[in-house]
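Enquirer: One structure, pasted below without further comment.
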Amino acid sequence: MGAPEAIYGAECFSCGQLSPLFDDDALPVAVWALQHAQQEPTHTRYLARTERHWRVERRPEENGVRGRASPVGAFLDRTAGPAFVGAMCLLTAAAGLLPALTH
């Protein structure tokens, strides 16, 4: 939303000339490099550039209330994920031991 997926461009190593920038399509940059090489046969190396833009948005607050989350909610946000991952690691390790216990 509001930004292209990528912006493409190139620069000639020999003379420093820059291609135009193109949104979401690298092909026109390649065509520019080929045309530049036809006009300047010794200019055969180019630096290709791709810029990617990110959009970062705030997480919507619960119940439409902005500001700080409740202390309990903040605690659960910080601990629930790591606790779940830890529990899954323990269960995975225990599952690996079960076959050894039956022999």
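The way I read the labels, and the way they are meant: chains A, B, ... in the order of the structure tokens, residue 1 as the first residue of every chain, and ligand 1 as the first ligand shown, with later ones counted on from there.
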Got a sec to tell me which of chain A DSSP assigns to strand (DSSP E), as an MDAnalysis selection string?
Expert: chainID A and resid 7:12 22:23 46:51
Enquirer: Within 8 Å of Ala10 in chain A, counting only C-alpha atoms, which residues qualify if same-chain residues fewer than 6 places away don't, as a VMD selection string?
Expert: chain A and resid 18 to 20 29 33 46 to 49
Enquirer: Could you jot down the CA of Gln38 in chain A to CA of Asp24 in chain A separation for me, Å, one decimal place?
Expert: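 One can read the CA of Gln38 in chain A to CA of Asp24 in chain A distance as 25.1 Å.
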Enquirer: Could you give me, as a VMD selection string, the residues within 12 Å of Leu34 in chain A, counting only C-alpha atoms and dropping anything in the same chain fewer than 2 positions from it?
Expert: chain A and resid 10 12 19 27 to 32 36 to 46
Enquirer: Which of chain A end up as helix (DSSP H, G or I) when DSSP is run on this backbone - answer as a PyMOL selection string?
Expert: chain A and resi 27-39+62-64+71-102
Enquirer: What does the distance between CA of Asp25 in chain A and CA of Glu57 in chain A come to in Å, to one decimal place?
Expert: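 About the pair CA of Asp25 in chain A and CA of Glu57 in chain A: they are 25.9 Å apart.
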Enquirer: Take CA of Val72 in chain A and CA of Leu91 in chain A and report the distance between them in Å, one decimal.
Expert: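 Here the two named atoms are 26.7 Å from each other.
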